[in-house]
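Student: Input file: run_9.pdb. Contents: PDB, C-alpha atoms.
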```pdb
ATOM      1  CA  PHE A 227      -9.396  10.854 -28.707
ATOM      2  CA  ASN A 228     -10.196   8.815 -25.610
ATOM      3  CA  GLN A 229     -13.279   6.650 -26.162
ATOM      4  CA  ILE A 230     -13.368   5.578 -22.514
ATOM      5  CA  CYS A 231     -13.574   9.123 -21.165
ATOM      6  CA  PRO A 232     -15.293  11.085 -23.987
ATOM      7  CA  GLY A 233     -14.108  14.650 -24.252
ATOM      8  CA  GLU A 234     -10.667  13.901 -22.841
ATOM      9  CA  MET A 235      -7.724  14.083 -25.240
ATOM     10  CA  THR A 236      -5.211  11.498 -24.057
ATOM     11  CA  ALA A 237      -2.456   9.210 -25.231
ATOM     12  CA  GLY A 238      -0.983   6.191 -23.480
ATOM     13  CA  ALA A 239      -3.431   6.323 -20.585
ATOM     14  CA  GLU A 240      -2.807   3.770 -17.827
ATOM     15  CA  MET A 241      -5.731   1.867 -16.273
ATOM     16  CA  PHE A 242      -5.724  -0.162 -13.051
ATOM     17  CA  ASP A 243      -8.347  -1.853 -10.891
ATOM     18  CA  VAL A 244      -8.638  -1.053  -7.183
ATOM     19  CA  GLN A 245     -11.399  -2.673  -5.137
ATOM     20  CA  ALA A 246     -13.841  -2.985  -8.050
ATOM     21  CA  GLN A 247     -13.126   0.586  -9.158
ATOM     22  CA  VAL A 248     -11.303   1.245 -12.412
ATOM     23  CA  HIS A 249      -8.894   4.187 -12.315
ATOM     24  CA  GLU A 250      -7.466   5.763 -15.440
ATOM     25  CA  ILE A 251      -4.575   8.200 -15.462
ATOM     26  CA  THR A 252      -4.929  10.503 -18.446
ATOM     27  CA  ALA A 253      -3.534  13.708 -19.921
ATOM     28  CA  TYR A 254      -0.001  12.619 -20.692
ATOM     29  CA  CYS A 255       2.010  14.789 -23.061
ATOM     30  CA  GLY A 256       1.156  17.665 -20.773
ATOM     31  CA  ARG A 257       2.841  18.824 -17.586
ATOM     32  CA  ASP A 258       0.545  16.984 -15.191
ATOM     33  CA  TYR A 259      -1.481  13.779 -14.870
ATOM     34  CA  VAL A 260      -5.242  13.590 -14.238
ATOM     35  CA  VAL A 261      -7.122  10.649 -12.681
ATOM     36  CA  TRP A 262     -10.623   9.414 -13.543
ATOM     37  CA  SER A 263     -12.428   6.476 -11.934
ATOM     38  CA  ALA A 264     -15.514   4.343 -12.621
ATOM     39  CA  PRO A 265     -17.112   1.206 -11.134
ATOM     40  CA  VAL A 266     -16.034  -1.904 -13.046
ATOM     41  CA  THR A 267     -19.736  -2.670 -13.471
ATOM     42  CA  ASP A 268     -20.453   0.654 -15.195
ATOM     43  CA  LEU A 269     -17.693   2.025 -17.411
ATOM     44  CA  THR A 270     -19.965   4.817 -18.610
ATOM     45  CA  SER A 271     -20.033   6.544 -15.216
ATOM     46  CA  TRP A 272     -16.720   8.340 -14.734
ATOM     47  CA  THR A 273     -15.610  10.694 -11.970
ATOM     48  CA  CYS A 274     -12.718  13.110 -12.427
ATOM     49  CA  HIS A 275     -10.414  13.344  -9.392
ATOM     50  CA  GLY A 276      -8.352  16.143 -10.864
ATOM     51  CA  THR A 277      -4.597  16.504 -11.099
ATOM     52  CA  CYS A 278      -2.675  13.818  -9.227
ATOM     53  CA  TYR A 279       0.891  14.748 -10.192
ATOM     54  CA  THR A 280       2.730  17.681 -11.738
ATOM     55  CA  ALA A 281       6.194  17.426 -13.296
ATOM     56  CA  THR A 282       8.819  18.514 -10.786
ATOM     57  CA  ASP A 283      10.690  20.567 -13.403
ATOM     58  CA  GLY A 284       7.730  21.710 -15.496
ATOM     59  CA  SER A 285       8.700  19.373 -18.343
ATOM     60  CA  ILE A 286       6.453  17.331 -20.645
ATOM     61  CA  LEU A 287       5.237  14.042 -19.149
ATOM     62  CA  TYR A 288       4.947  10.778 -21.071
ATOM     63  CA  ALA A 289       3.011   7.633 -20.098
ATOM     64  CA  PRO A 290       2.998   6.741 -16.354
ATOM     65  CA  ASP A 291       2.481   3.515 -14.419
ATOM     66  CA  VAL A 292       0.959   2.945 -10.960
ATOM     67  CA  VAL A 293       1.253  -0.029  -8.617
ATOM     68  CA  GLU A 294       0.216  -0.779  -5.035
ATOM     69  CA  LYS A 295       2.516  -2.325  -2.445
ATOM     70  CA  ASP A 296       1.743  -2.747   1.264
ATOM     71  CA  GLY A 297      -1.140  -0.278   1.122
ATOM     72  CA  VAL A 298       0.841   2.472  -0.614
ATOM     73  CA  TYR A 299       0.355   3.507  -4.252
ATOM     74  CA  TYR A 300       3.447   4.317  -6.288
ATOM     75  CA  MET A 301       3.344   6.332  -9.492
ATOM     76  CA  TYR A 302       6.194   6.127 -11.991
ATOM     77  CA  ALA A 303       6.099   9.495 -13.721
ATOM     78  CA  ALA A 304       7.936   9.933 -17.033
ATOM     79  CA  GLU A 305       9.312  13.479 -16.941
ATOM     80  CA  GLN A 306      11.328  15.224 -19.684
ATOM     81  CA  CYS A 307       9.477  13.303 -22.407
ATOM     82  CA  GLY A 308      10.212   9.996 -20.703
ATOM     83  CA  SER A 309      13.956  10.462 -20.237
ATOM     84  CA  VAL A 310      13.700  10.941 -16.453
ATOM     85  CA  ILE A 311      11.572   8.518 -14.412
ATOM     86  CA  MET A 312      10.408   9.697 -10.995
ATOM     87  CA  VAL A 313       8.533   7.627  -8.408
ATOM     88  CA  ALA A 314       6.035   9.348  -6.122
ATOM     89  CA  ARG A 315       3.699   7.899  -3.484
ATOM     90  CA  SER A 316       0.147   8.252  -2.205
ATOM     91  CA  GLU A 317      -2.190   6.571   0.253
ATOM     92  CA  LYS A 318      -5.001   6.773  -2.311
ATOM     93  CA  PRO A 319      -5.110   5.494  -5.902
ATOM     94  CA  TRP A 320      -6.214   8.914  -7.179
ATOM     95  CA  GLY A 321      -3.395  10.759  -5.406
ATOM     96  CA  PRO A 322      -2.089  13.273  -4.929
ATOM     97  CA  PHE A 323       1.268  11.580  -5.469
ATOM     98  CA  THR A 324       3.996  13.309  -3.485
ATOM     99  CA  ASP A 325       7.646  13.017  -2.402
ATOM    100  CA  PRO A 326       8.984  12.233  -5.904
ATOM    101  CA  VAL A 327      12.378  10.544  -6.157
ATOM    102  CA  ARG A 328      14.376   9.970  -9.313
ATOM    103  CA  THR A 329      14.702   6.289 -10.204
ATOM    104  CA  ALA A 330      17.361   4.306 -12.051
ATOM    105  CA  LEU A 331      14.830   3.236 -14.700
ATOM    106  CA  GLY A 332      14.702   4.163 -18.373
ATOM    107  CA  PHE A 333      12.067   5.014 -20.953
ATOM    108  CA  ASP A 334       8.440   3.878 -20.610
ATOM    109  CA  PRO A 335       8.628   1.618 -17.528
ATOM    110  CA  GLY A 336       6.036  -0.944 -16.474
ATOM    111  CA  ILE A 337       6.075  -2.251 -12.909
ATOM    112  CA  LEU A 338       4.964  -5.626 -11.490
ATOM    113  CA  VAL A 339       4.488  -6.360  -7.774
ATOM    114  CA  ASP A 340       4.524 -10.092  -7.068
ATOM    115  CA  ASN A 341       4.779 -11.856  -3.684
ATOM    116  CA  GLY A 342       6.527  -8.937  -2.035
ATOM    117  CA  HIS A 343       8.980  -8.425  -4.897
ATOM    118  CA  VAL A 344       8.876  -5.502  -7.329
ATOM    119  CA  TYR A 345      10.016  -5.892 -10.931
ATOM    120  CA  ALA A 346      10.530  -3.178 -13.543
ATOM    121  CA  TYR A 347      10.583  -3.433 -17.342
ATOM    122  CA  TRP A 348      11.415  -0.598 -19.728
ATOM    123  CA  GLY A 349      13.041   0.442 -22.988
ATOM    124  CA  PHE A 350      12.668   1.919 -26.470
ATOM    125  CA  CYS A 351      13.897  -0.276 -29.353
ATOM    126  CA  GLY A 352      15.746  -2.233 -26.683
ATOM    127  CA  SER A 353      14.246  -4.013 -23.658
ATOM    128  CA  TYR A 354      15.534  -4.113 -20.071
ATOM    129  CA  CYS A 355      14.299  -5.464 -16.749
ATOM    130  CA  CYS A 356      15.312  -5.770 -13.105
ATOM    131  CA  GLU A 357      14.075  -6.233  -9.565
ATOM    132  CA  LEU A 358      13.771  -3.080  -7.479
ATOM    133  CA  ASN A 359      14.965  -2.509  -3.951
ATOM    134  CA  ASP A 360      12.525  -1.680  -1.164
ATOM    135  CA  ASP A 361      12.902   2.021  -1.993
ATOM    136  CA  MET A 362      10.975   1.313  -5.247
ATOM    137  CA  ALA A 363      13.558   3.398  -7.133
ATOM    138  CA  THR A 364      16.926   1.635  -7.325
ATOM    139  CA  ILE A 365      17.961  -1.627  -8.984
ATOM    140  CA  LYS A 366      18.641  -4.631  -6.766
ATOM    141  CA  GLU A 367      22.207  -5.803  -7.274
ATOM    142  CA  GLY A 368      22.603  -8.688  -9.688
ATOM    143  CA  THR A 369      19.071  -8.504 -11.127
ATOM    144  CA  PHE A 370      19.534  -6.245 -14.183
ATOM    145  CA  HIS A 371      18.957  -7.957 -17.540
ATOM    146  CA  ALA A 372      19.456  -6.340 -20.950
ATOM    147  CA  HIS A 373      17.607  -7.479 -24.084
ATOM    148  CA  PRO A 374      15.459 -10.296 -22.670
ATOM    149  CA  ILE A 375      13.594 -10.204 -26.005
ATOM    150  CA  GLY A 376      14.528  -9.057 -29.502
ATOM    151  CA  HIS A 377      13.755  -5.472 -30.414
ATOM    152  CA  ALA A 378      12.832  -3.305 -33.371
ATOM    153  CA  LEU A 379      15.096  -0.690 -34.960
ATOM    154  CA  CYS A 380      14.339   3.010 -35.219
ATOM    155  CA  PRO A 381      16.066   5.554 -37.468
ATOM    156  CA  GLY A 382      17.567   8.554 -35.776
ATOM    157  CA  PHE A 383      18.284   6.630 -32.570
ATOM    158  CA  ASN A 384      21.442   4.766 -31.568
ATOM    159  CA  CYS A 385      19.743   1.370 -31.380
ATOM    160  CA  GLU A 386      21.677  -1.731 -30.357
ATOM    161  CA  THR A 387      21.707  -4.082 -33.359
ATOM    162  CA  GLU A 388      22.960  -7.435 -32.031
ATOM    163  CA  HIS A 389      19.589  -8.276 -30.486
ATOM    164  CA  ALA A 390      17.407  -6.708 -33.193
ATOM    165  CA  ASN A 391      14.567  -8.864 -34.514
ATOM    166  CA  LYS A 392      13.447  -8.596 -38.139
ATOM    167  CA  GLU A 393      10.006 -10.005 -37.358
ATOM    168  CA  GLU A 394       7.785  -9.321 -34.337
ATOM    169  CA  ALA A 395       9.933  -7.346 -31.924
ATOM    170  CA  PHE A 396       9.889  -5.029 -28.918
ATOM    171  CA  PHE A 397       9.338  -1.350 -29.710
ATOM    172  CA  GLU A 398       8.199   0.282 -26.423
ATOM    173  CA  ALA A 399       5.317   0.395 -23.881
ATOM    174  CA  SER A 400       6.301  -2.342 -21.398
ATOM    175  CA  SER A 401       3.364  -3.635 -19.348
ATOM    176  CA  PRO A 402       4.050  -6.746 -17.230
ATOM    177  CA  ARG A 403       1.094  -8.663 -15.774
ATOM    178  CA  LYS A 404       0.370 -11.805 -13.787
ATOM    179  CA  VAL A 405      -2.782 -13.522 -15.047
ATOM    180  CA  PHE A 406      -4.104 -16.739 -13.470
ATOM    181  CA  GLY A 407      -0.651 -17.609 -12.141
ATOM    182  CA  LYS A 408       1.175 -16.958 -15.409
ATOM    183  CA  TYR A 409       3.411 -14.010 -16.228
ATOM    184  CA  VAL A 410       2.430 -12.009 -19.300
ATOM    185  CA  TYR A 411       4.559  -9.297 -20.900
ATOM    186  CA  LEU A 412       2.613  -6.820 -23.033
ATOM    187  CA  PHE A 413       4.463  -4.356 -25.254
ATOM    188  CA  SER A 414       4.171  -2.383 -28.457
ATOM    189  CA  GLU A 415       5.797  -4.360 -31.236
ATOM    190  CA  GLY A 416       7.551  -3.529 -34.468
ATOM    191  CA  ASN A 417      10.000  -5.035 -36.911
ATOM    192  CA  ALA A 418      13.030  -3.962 -38.879
ATOM    193  CA  ASN A 419      10.940  -3.317 -41.988
ATOM    194  CA  MET A 420       9.109  -0.528 -40.120
ATOM    195  CA  ARG A 421      12.173   1.615 -39.439
ATOM    196  CA  GLU A 422      11.250   4.418 -41.820
ATOM    197  CA  LEU A 423       7.559   4.234 -40.941
ATOM    198  CA  LEU A 424       7.826   4.311 -37.153
ATOM    199  CA  GLY A 425      10.553   6.903 -36.714
ATOM    200  CA  GLY A 426      10.017   8.544 -33.334
ATOM    201  CA  LYS A 427       6.258   7.979 -33.290
ATOM    202  CA  GLY A 428       4.413   6.579 -30.307
ATOM    203  CA  ALA A 429       3.186   3.191 -29.121
ATOM    204  CA  ASN A 430       0.723   0.974 -30.982
ATOM    205  CA  LEU A 431       1.615   2.238 -34.477
ATOM    206  CA  ALA A 432       3.310  -1.052 -35.290
ATOM    207  CA  GLU A 433       0.207  -2.999 -34.305
ATOM    208  CA  MET A 434      -1.953  -0.661 -36.387
ATOM    209  CA  THR A 435       0.323  -1.248 -39.368
ATOM    210  CA  ASN A 436       0.187  -5.017 -38.882
ATOM    211  CA  ILE A 437      -3.619  -5.029 -39.161
ATOM    212  CA  GLY A 438      -3.643  -2.721 -42.151
ATOM    213  CA  LEU A 439      -4.583   0.615 -40.591
ATOM    214  CA  PRO A 440      -2.905   3.682 -42.101
ATOM    215  CA  VAL A 441      -0.582   5.595 -39.774
TER     216      VAL A 441
END
```
Can you turn what I pasted into C-alpha coordinates?

Tutor:
Amino acid sequence: FNQICPGEMTAGAEMFDVQAQVHEITAYCGRDYVVWSAPVTDLTSWTCHGTCYTATDGSILYAPDVVEKDGVYYMYAAEQCGSVIMVARSEKPWGPFTDPVRTALGFDPGILVDNGHVYAYWGFCGSYCCELNDDMATIKEGTFHAHPIGHALCPGFNCETEHANKEEAFFEASSPRKVFGKYVYLFSEGNANMRELLGGKGANLAEMTNIGLPV
(Lines of atoms letter the chains of each structure in order from A and count residues from 1; the text may use other names and numbers.)
(Lines give C-alpha, C1' and ligand atoms only; values in the text may rest on other atoms or scores of the structure.)
Protein backbone atom coordinates (compact mmCIF):
# COMPACT_ATOMS: atom_id res chain seq x y z
CA PHE A 1 0.00 0.00 0.00
CA ASN A 2 1.35 3.41 -0.96
CA GLN A 3 1.15 5.83 1.97
CA ILE A 4 2.20 8.78 -0.19
CA CYS A 5 -0.64 8.35 -2.68
CA PRO A 6 -3.43 6.70 -0.62
CA GLY A 7 -5.55 4.33 -2.63
CA GLU A 8 -2.77 3.47 -5.06
CA MET A 9 -1.30 -0.03 -4.85
CA THR A 10 2.36 0.28 -5.82
CA ALA A 11 5.76 -1.26 -5.31
CA GLY A 12 9.17 0.26 -5.98
CA ALA A 13 7.78 3.66 -6.94
CA GLU A 14 10.37 6.18 -8.14
CA MET A 15 10.21 9.81 -6.96
CA PHE A 16 12.05 12.80 -8.42
CA ASP A 17 11.94 16.57 -7.93
CA VAL A 18 11.39 18.91 -10.88
CA GLN A 19 11.14 22.65 -10.27
CA ALA A 20 9.70 22.32 -6.75
CA GLN A 21 7.23 19.67 -7.90
CA VAL A 22 7.59 16.09 -6.72
CA HIS A 23 6.73 13.46 -9.33
CA GLU A 24 6.13 9.83 -8.45
CA ILE A 25 5.96 7.03 -10.99
CA THR A 26 3.71 4.29 -9.65
CA ALA A 27 1.92 1.12 -10.71
CA TYR A 28 4.87 -1.12 -11.43
CA CYS A 29 4.21 -4.85 -11.67
CA GLY A 30 1.57 -3.97 -14.23
CA ARG A 31 1.90 -3.34 -17.95
CA ASP A 32 2.13 0.44 -17.73
CA TYR A 33 3.46 3.22 -15.50
CA VAL A 34 1.37 6.04 -13.99
CA VAL A 35 2.67 9.45 -12.87
CA TRP A 36 1.46 11.54 -9.91
CA SER A 37 2.80 14.94 -8.87
CA ALA A 38 2.57 17.26 -5.84
CA PRO A 39 4.18 20.53 -4.72
CA VAL A 40 7.16 19.87 -2.45
CA THR A 41 5.49 22.18 0.07
CA ASP A 42 2.31 20.09 0.20
CA LEU A 43 2.74 16.34 -0.17
CA THR A 44 -0.93 15.78 0.60
CA SER A 45 -2.10 17.39 -2.65
CA TRP A 46 -1.48 14.93 -5.48
CA THR A 47 -2.47 15.13 -9.14
CA CYS A 48 -2.66 12.05 -11.35
CA HIS A 49 -1.23 12.58 -14.85
CA GLY A 50 -2.30 9.17 -16.07
CA THR A 51 -0.32 6.55 -17.94
CA CYS A 52 3.10 7.73 -19.08
CA TYR A 53 4.46 4.51 -20.58
CA THR A 54 3.15 1.13 -21.69
CA ALA A 55 5.35 -1.94 -22.17
CA THR A 56 6.26 -2.32 -25.83
CA ASP A 57 5.58 -6.08 -25.77
CA GLY A 58 2.74 -6.14 -23.25
CA SER A 59 4.97 -7.68 -20.58
CA ILE A 60 5.06 -7.00 -16.84
CA LEU A 61 7.03 -3.89 -15.84
CA TYR A 62 9.31 -3.66 -12.81
CA ALA A 63 10.69 -0.52 -11.13
CA PRO A 64 11.65 2.37 -13.48
CA ASP A 65 14.02 5.32 -13.19
CA VAL A 66 13.79 8.82 -14.72
CA VAL A 67 16.49 11.44 -15.26
CA GLU A 68 16.70 14.79 -17.04
CA LYS A 69 19.51 15.76 -19.40
CA ASP A 70 19.63 18.90 -21.56
CA GLY A 71 15.92 19.56 -21.12
CA VAL A 72 14.82 16.04 -22.08
CA TYR A 73 13.45 13.46 -19.62
CA TYR A 74 14.55 9.86 -20.04
CA MET A 75 12.66 6.94 -18.53
CA TYR A 76 14.38 3.59 -18.03
CA ALA A 77 11.54 1.10 -18.23
CA ALA A 78 12.07 -2.44 -16.91
CA GLU A 79 10.11 -4.68 -19.27
CA GLN A 80 9.76 -8.49 -19.05
CA CYS A 81 9.96 -8.39 -15.24
CA GLY A 82 13.15 -6.33 -15.37
CA SER A 83 15.09 -8.51 -17.81
CA VAL A 84 14.82 -6.01 -20.69
CA ILE A 85 15.58 -2.33 -20.03
CA MET A 86 14.18 0.20 -22.49
CA VAL A 87 14.87 3.94 -22.52
CA ALA A 88 12.15 6.31 -23.73
CA ARG A 89 12.06 10.11 -23.85
CA SER A 90 9.71 13.01 -23.16
CA GLU A 91 9.80 16.79 -23.04
CA LYS A 92 7.75 16.72 -19.83
CA PRO A 93 8.44 14.90 -16.55
CA TRP A 94 4.98 13.31 -16.60
CA GLY A 95 5.35 12.01 -20.15
CA PRO A 96 4.19 10.49 -22.30
CA PHE A 97 7.53 8.76 -22.82
CA THR A 98 7.96 7.70 -26.44
CA ASP A 99 10.48 6.30 -28.94
CA PRO A 100 11.67 3.45 -26.68
CA VAL A 101 15.05 1.89 -27.43
CA ARG A 102 16.50 -1.23 -25.85
CA THR A 103 19.54 -0.51 -23.70
CA ALA A 104 22.60 -2.57 -22.78
CA LEU A 105 21.72 -2.35 -19.07
CA GLY A 106 20.65 -5.12 -16.72
CA PHE A 107 18.20 -5.58 -13.87
CA ASP A 108 16.92 -2.65 -11.79
CA PRO A 109 19.04 0.23 -13.14
CA GLY A 110 19.57 3.59 -11.46
CA ILE A 111 20.87 6.50 -13.51
CA LEU A 112 22.97 9.53 -12.48
CA VAL A 113 23.52 12.63 -14.65
CA ASP A 114 26.55 14.62 -13.50
CA ASN A 115 28.34 17.46 -15.33
CA GLY A 116 27.20 16.29 -18.74
CA HIS A 117 28.09 12.65 -18.09
CA VAL A 118 25.54 9.87 -17.57
CA TYR A 119 26.29 6.91 -15.31
CA ALA A 120 24.27 3.72 -14.87
CA TYR A 121 24.24 1.24 -11.98
CA TRP A 122 22.33 -2.04 -11.92
CA GLY A 123 22.27 -5.66 -10.80
CA PHE A 124 20.63 -8.38 -8.71
CA CYS A 125 22.91 -10.17 -6.21
CA GLY A 126 25.77 -8.71 -8.23
CA SER A 127 26.48 -5.02 -8.90
CA TYR A 128 27.59 -3.36 -12.15
CA CYS A 129 28.14 0.19 -13.37
CA CYS A 130 29.25 2.14 -16.43
CA GLU A 131 29.12 5.47 -18.20
CA LEU A 132 26.58 5.76 -21.01
CA ASN A 133 27.11 7.16 -24.47
CA ASP A 134 25.16 10.19 -25.67
CA ASP A 135 22.41 7.88 -26.92
CA MET A 136 21.57 7.17 -23.23
CA ALA A 137 21.35 3.45 -24.08
CA THR A 138 24.78 1.98 -24.84
CA ILE A 139 27.87 1.57 -22.67
CA LYS A 140 30.82 3.88 -23.29
CA GLU A 141 33.88 1.83 -24.18
CA GLY A 142 36.23 1.16 -21.29
CA THR A 143 33.84 2.29 -18.54
CA PHE A 144 32.12 -0.98 -17.54
CA HIS A 145 32.89 -2.18 -14.00
CA ALA A 146 31.67 -5.44 -12.47
CA HIS A 147 31.23 -5.94 -8.71
CA PRO A 148 32.26 -2.51 -7.41
CA ILE A 149 30.82 -3.64 -4.05
CA GLY A 150 30.23 -7.04 -2.46
CA HIS A 151 26.86 -8.65 -3.02
CA ALA A 152 24.38 -10.97 -1.35
CA LEU A 153 23.57 -14.51 -2.50
CA CYS A 154 20.16 -15.74 -3.59
CA PRO A 155 19.04 -19.36 -3.95
CA GLY A 156 17.70 -20.39 -7.31
CA PHE A 157 19.88 -17.88 -9.16
CA ASN A 158 23.34 -18.38 -10.65
CA CYS A 159 25.01 -15.81 -8.40
CA GLU A 160 28.71 -15.03 -8.73
CA THR A 161 30.38 -16.10 -5.47
CA GLU A 162 33.89 -14.59 -5.57
CA HIS A 163 32.62 -11.13 -4.63
CA ALA A 164 29.86 -12.26 -2.25
CA ASN A 165 29.75 -10.51 1.13
CA LYS A 166 28.60 -12.37 4.24
CA GLU A 167 27.68 -9.14 6.03
CA GLU A 168 26.00 -6.03 4.62
CA ALA A 169 25.92 -6.54 0.86
CA PHE A 170 24.27 -5.45 -2.37
CA PHE A 171 20.96 -7.16 -3.17
CA GLU A 172 19.21 -4.93 -5.76
CA ALA A 173 17.55 -1.49 -6.24
CA SER A 174 20.49 0.70 -7.33
CA SER A 175 19.87 4.42 -6.78
CA PRO A 176 22.90 6.70 -7.28
CA ARG A 177 22.72 10.29 -6.00
CA LYS A 178 24.91 13.36 -5.69
CA VAL A 179 24.27 15.16 -2.40
CA PHE A 180 26.12 18.36 -1.44
CA GLY A 181 29.00 17.49 -3.77
CA LYS A 182 29.36 13.90 -2.57
CA TYR A 183 28.33 10.76 -4.42
CA VAL A 184 25.93 8.48 -2.57
CA TYR A 185 24.97 4.97 -3.68
CA LEU A 186 21.68 3.72 -2.25
CA PHE A 187 20.69 0.07 -2.65
CA SER A 188 18.73 -2.72 -1.03
CA GLU A 189 21.09 -4.77 1.09
CA GLY A 190 21.27 -8.36 2.22
CA ASN A 191 23.78 -10.89 3.47
CA ALA A 192 24.63 -14.52 2.91
CA ASN A 193 22.63 -15.59 5.96
CA MET A 194 19.45 -14.36 4.24
CA ARG A 195 19.66 -16.67 1.23
CA GLU A 196 16.71 -18.86 2.19
CA LEU A 197 14.68 -15.92 3.48
CA LEU A 198 15.04 -13.57 0.52
CA GLY A 199 14.68 -16.02 -2.34
CA GLY A 200 13.29 -14.10 -5.31
CA LYS A 201 11.46 -11.52 -3.20
CA GLY A 202 11.66 -7.81 -3.83
CA ALA A 203 13.68 -4.86 -2.56
CA ASN A 204 13.80 -3.68 1.05
CA LEU A 205 13.10 -7.10 2.61
CA ALA A 206 16.68 -7.33 3.84
CA GLU A 207 16.40 -3.96 5.55
CA MET A 208 13.09 -4.99 7.12
CA THR A 209 14.73 -8.15 8.43
CA ASN A 210 17.67 -6.19 9.84
CA ILE A 211 15.34 -4.03 11.97
CA GLY A 212 13.29 -6.97 13.14
CA LEU A 213 10.19 -6.72 10.96
CA PRO A 214 8.68 -10.03 9.85
CA VAL A 215 8.74 -10.69 6.10

Student: Counting all atoms listed in the file, which residues have an atom no more than 12 Å from (7.3, -8.5, -11.5) in the file's coordinates? Please list them as a ChimeraX atom specification.

Tutor: /A:293,295,335-347,355-358,369,400-405,408-411

Student: What's the separation between CA of Gly276 in chain A and CA of Pro290 in chain A, in Å to one decimal place?

Tutor: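 It comes out at 15.7 Å.
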
Student: Hey, what comes out of the PyMOL selection byres ((chain A and resi 273) around 6) on this file? Could you write it as JSON, numbers by chain?

Tutor: {"A": [262, 263, 272, 274]}

Student: I need the residues from that last selection saved to file as a PDB file, keeping the file's coordinate frame (with C-alpha atoms), if you can.

Tutor:
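So the final result, stored in result-v4.pdb, reads:
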```
ATOM      1  CA  TRP A 262     -10.623   9.414 -13.543  1.00  0.00           C
ATOM      2  CA  SER A 263     -12.428   6.476 -11.934  1.00  0.00           C
ATOM      3  CA  TRP A 272     -16.720   8.340 -14.734  1.00  0.00           C
ATOM      4  CA  CYS A 274     -12.718  13.110 -12.427  1.00  0.00           C
TER       5      CYS A 274
END
```

Student: Which is closest to Phe397 in chain A among A:Gly368, A:Gly352, A:Val261, A:Cys385, if we use all atoms listed in the file?

Tutor: A:Gly352

Student: Output the residue selection produced by the PyMOL selection byres ((chain A and resi 361) around 12) on the file above, formatted as JSON, numbers by chain.

Tutor: {"A": [295, 300, 313, 314, 315, 326, 327, 328, 329, 330, 343, 344, 357, 358, 359, 360, 362, 363, 364, 365, 366]}

Student: Select, from A:Leu412, A:Ala281, A:Val310, A:Ala304, the residue with the minimum atom-to-atom distance to Ser353 in chain A, counting all atoms listed in the file.

Tutor: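 When distances to Ser353 in chain A are compared using all atoms listed in the file, the smallest one comes from A:Leu412.
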
Student: Quick one: distance from CA of Gln306 in chain A to CA of Pro319 in chain A in Å, one decimal?

Tutor: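 Rounded to one decimal, the two atoms are 23.6 Å apart.
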
Student: What does the distance from CA of Glu294 in chain A to CA of Thr267 in chain A come to in Å, to one decimal?

Tutor: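 For CA of Glu294 in chain A relative to CA of Thr267 in chain A, the distance reads 21.7 Å.
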
Student: Which residues are close to Ile375 in chain A, i.e. within 9 Å by only C-alpha atoms, leaving aside same-chain residues fewer than 4 positions away? Reply as a PyMOL selection string.

Tutor: chain A and resi 352-354+389-391+395-396

Student: Under the rule that all atoms listed in the file are counted, which of A:Gly256, A:Gly349, A:Gly332, A:Pro322 is the nearest residue to Gly284 in chain A?

Tutor: A:Gly256

Student: Quick one: of A:Lys318, A:His275, A:His377, A:Arg257, who's nearest to Gly297 in chain A, counting only C-alpha atoms?

Tutor: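 Ranking A:Lys318, A:His275, A:His377, A:Arg257 by distance to Gly297 in chain A, first place goes to A:Lys318.
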
Student: Show me, as JSON, the centre and edge lengths in Å to one decimal of the axis-aligned box that covers every listed atom of range 363-372 of chain A with 4 Å on each side.

Tutor:
```
{"center_x": 18.1, "center_y": -2.6, "center_z": -13.9, "size_x": 17.0, "size_y": 20.1, "size_z": 22.2}
```

Student: Would you mind telling me which residue in A:Glu398, A:Glu305, A:Asp283, A:Asp258 lies nearest to Asp334 in chain A when using all atoms listed in the file?

Tutor: A:Glu398
